[in-house]
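Below: the structure, in structure tokens.
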Amino acid sequence: MILHTLSAAPAEPAFDNCLRIAAPDDRILLLGNGVYAAMASSPTAGLLSESPATFFALAQDVAAAGLAGKIADGIDVVDFDGFVALTETCERQLNW
């Protein structure tokens with residue numbers, strides 16, 4: 001199980017590459033510019049729902065982007081403690 005920390009914006013190649021290689025038991029934590037992909041009204045929210053991975057978004061970055069209450073269903077918003085918990089349950093981590 002891999003924790004992918006995805007801070008790349010949805011328009012960046014790293015974003016697509018991360019989604020392409022994510023396995024069903026992987027976790028993807030959206031942070032920084034990556035949280036914009038989690039907006040319920042964004043075209044990328046559909047891409048996330050098609051991915052086999054489980055998605056999370058960092059609460060502090062969601063709030064900083066003004067997206068509180070606008071995150072798509074199926075994406076869990078976690079705080080820093082949740083981030084740490086993800087790192088503890090995943091064997092490896094990849095940063096995008």
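Lettering and numbering for the structure tokens are positional, with chains as A, B, ... in the shown order, residues counted from 1 in each chain, and ligands counted from 1 in the shown order.
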Exercise for review: Step one, run DSSP on the backbone; step two, keep only residues of chain A assigned to strand (DSSP E); then write them as a PyMOL selection string.
Suggested key: chain A and resi 2-6+27-30+54-58+75-78+92-95
Practice item. Would you return as a ChimeraX atom specification the members of chain A that DSSP assigns to alpha helix (DSSP H) on this structure's backbone? Key: /A:13-21,43-50,59-64,80-89
Those same residues - N, CA and C atoms - I'd like them written as a compact mmCIF listing (two decimals), in the first residue's frame.
```txt
# COMPACT_ATOMS: atom_id res chain seq x y z
N PRO A 13 1.24 17.36 -15.51
CA PRO A 13 1.42 15.94 -15.87
C PRO A 13 1.54 15.02 -14.66
N ALA A 14 2.14 15.48 -13.59
CA ALA A 14 2.30 14.64 -12.39
C ALA A 14 0.95 14.20 -11.85
N PHE A 15 -0.05 15.04 -11.98
CA PHE A 15 -1.39 14.70 -11.50
C PHE A 15 -1.92 13.47 -12.24
N ASP A 16 -1.88 13.51 -13.56
CA ASP A 16 -2.35 12.37 -14.36
C ASP A 16 -1.50 11.13 -14.13
N ASN A 17 -0.19 11.32 -13.99
CA ASN A 17 0.70 10.18 -13.76
C ASN A 17 0.37 9.47 -12.45
N CYS A 18 0.10 10.25 -11.42
CA CYS A 18 -0.26 9.67 -10.13
C CYS A 18 -1.53 8.84 -10.26
N LEU A 19 -2.55 9.40 -10.88
CA LEU A 19 -3.81 8.66 -11.03
C LEU A 19 -3.63 7.41 -11.87
N ARG A 20 -2.77 7.48 -12.86
CA ARG A 20 -2.55 6.36 -13.77
C ARG A 20 -1.93 5.16 -13.06
N ILE A 21 -1.02 5.40 -12.12
CA ILE A 21 -0.32 4.27 -11.48
C ILE A 21 -0.94 3.84 -10.15
N PRO A 43 -14.24 19.23 -13.14
CA PRO A 43 -14.19 18.07 -14.03
C PRO A 43 -13.28 16.95 -13.50
N THR A 44 -12.30 17.32 -12.70
CA THR A 44 -11.38 16.30 -12.19
C THR A 44 -12.00 15.45 -11.10
N ALA A 45 -13.06 15.92 -10.47
CA ALA A 45 -13.73 15.10 -9.44
C ALA A 45 -14.22 13.79 -10.06
N GLY A 46 -14.64 13.84 -11.31
CA GLY A 46 -15.04 12.62 -12.00
C GLY A 46 -13.88 11.67 -12.21
N LEU A 47 -12.71 12.22 -12.52
CA LEU A 47 -11.51 11.38 -12.68
C LEU A 47 -11.16 10.69 -11.37
N LEU A 48 -11.30 11.41 -10.28
CA LEU A 48 -10.99 10.83 -8.98
C LEU A 48 -11.94 9.69 -8.66
N SER A 49 -13.21 9.87 -8.99
CA SER A 49 -14.18 8.82 -8.68
C SER A 49 -13.95 7.56 -9.52
N GLU A 50 -13.27 7.69 -10.65
CA GLU A 50 -12.97 6.53 -11.50
C GLU A 50 -11.70 5.80 -11.07
N ALA A 59 -7.23 19.09 5.36
CA ALA A 59 -8.19 20.09 5.79
C ALA A 59 -7.63 21.51 5.75
N GLN A 60 -6.39 21.69 6.18
CA GLN A 60 -5.81 23.02 6.22
C GLN A 60 -5.68 23.60 4.81
N ASP A 61 -5.34 22.77 3.83
CA ASP A 61 -5.21 23.26 2.46
C ASP A 61 -6.57 23.48 1.81
N VAL A 62 -7.54 22.65 2.18
CA VAL A 62 -8.91 22.86 1.71
C VAL A 62 -9.42 24.21 2.19
N ALA A 63 -9.20 24.50 3.45
CA ALA A 63 -9.65 25.78 4.01
C ALA A 63 -8.90 26.95 3.37
N ALA A 64 -7.60 26.81 3.18
CA ALA A 64 -6.80 27.89 2.59
C ALA A 64 -7.22 28.18 1.16
N PHE A 80 -3.89 17.26 10.18
CA PHE A 80 -2.51 16.76 10.23
C PHE A 80 -2.40 15.43 10.97
N ASP A 81 -3.24 15.23 11.99
CA ASP A 81 -3.22 13.95 12.69
C ASP A 81 -3.66 12.83 11.75
N GLY A 82 -4.63 13.12 10.90
CA GLY A 82 -5.06 12.15 9.90
C GLY A 82 -3.97 11.85 8.89
N PHE A 83 -3.22 12.88 8.53
CA PHE A 83 -2.08 12.73 7.62
C PHE A 83 -1.06 11.77 8.24
N VAL A 84 -0.76 11.99 9.50
CA VAL A 84 0.20 11.14 10.20
C VAL A 84 -0.32 9.70 10.26
N ALA A 85 -1.60 9.54 10.52
CA ALA A 85 -2.19 8.20 10.57
C ALA A 85 -2.05 7.49 9.22
N LEU A 86 -2.23 8.23 8.13
CA LEU A 86 -2.05 7.63 6.81
C LEU A 86 -0.62 7.16 6.60
N THR A 87 0.36 7.97 7.04
CA THR A 87 1.75 7.58 6.88
C THR A 87 2.07 6.33 7.69
N GLU A 88 1.39 6.16 8.82
CA GLU A 88 1.63 5.00 9.66
C GLU A 88 1.03 3.72 9.08
N THR A 89 -0.02 3.84 8.30
CA THR A 89 -0.68 2.64 7.76
C THR A 89 -0.16 2.25 6.39
```
Review point. What's the 12 Å shell around A:Leu67, counting only C-alpha atoms, without same-chain residues fewer than 4 positions away, as JSON, numbers by chain?
Key: {"A": [32, 33, 34, 35, 36, 37, 38, 39, 40, 41, 42, 57, 58, 59, 60, 61, 62, 63, 71, 72, 77]}
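Ranking A:Ala68, A:Ala9, A:Ala23, A:Leu30 by their shortest atom-to-atom distance to A:Ala53, with only C-alpha atoms included, puts A:Ala23 first.
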Revision key, fill the gap. The residue from A:Ala65, A:Ala22, A:Val78, A:Leu31 with the smallest atom-to-atom distance to A:Leu3, counting only C-alpha atoms, is A:Ala22
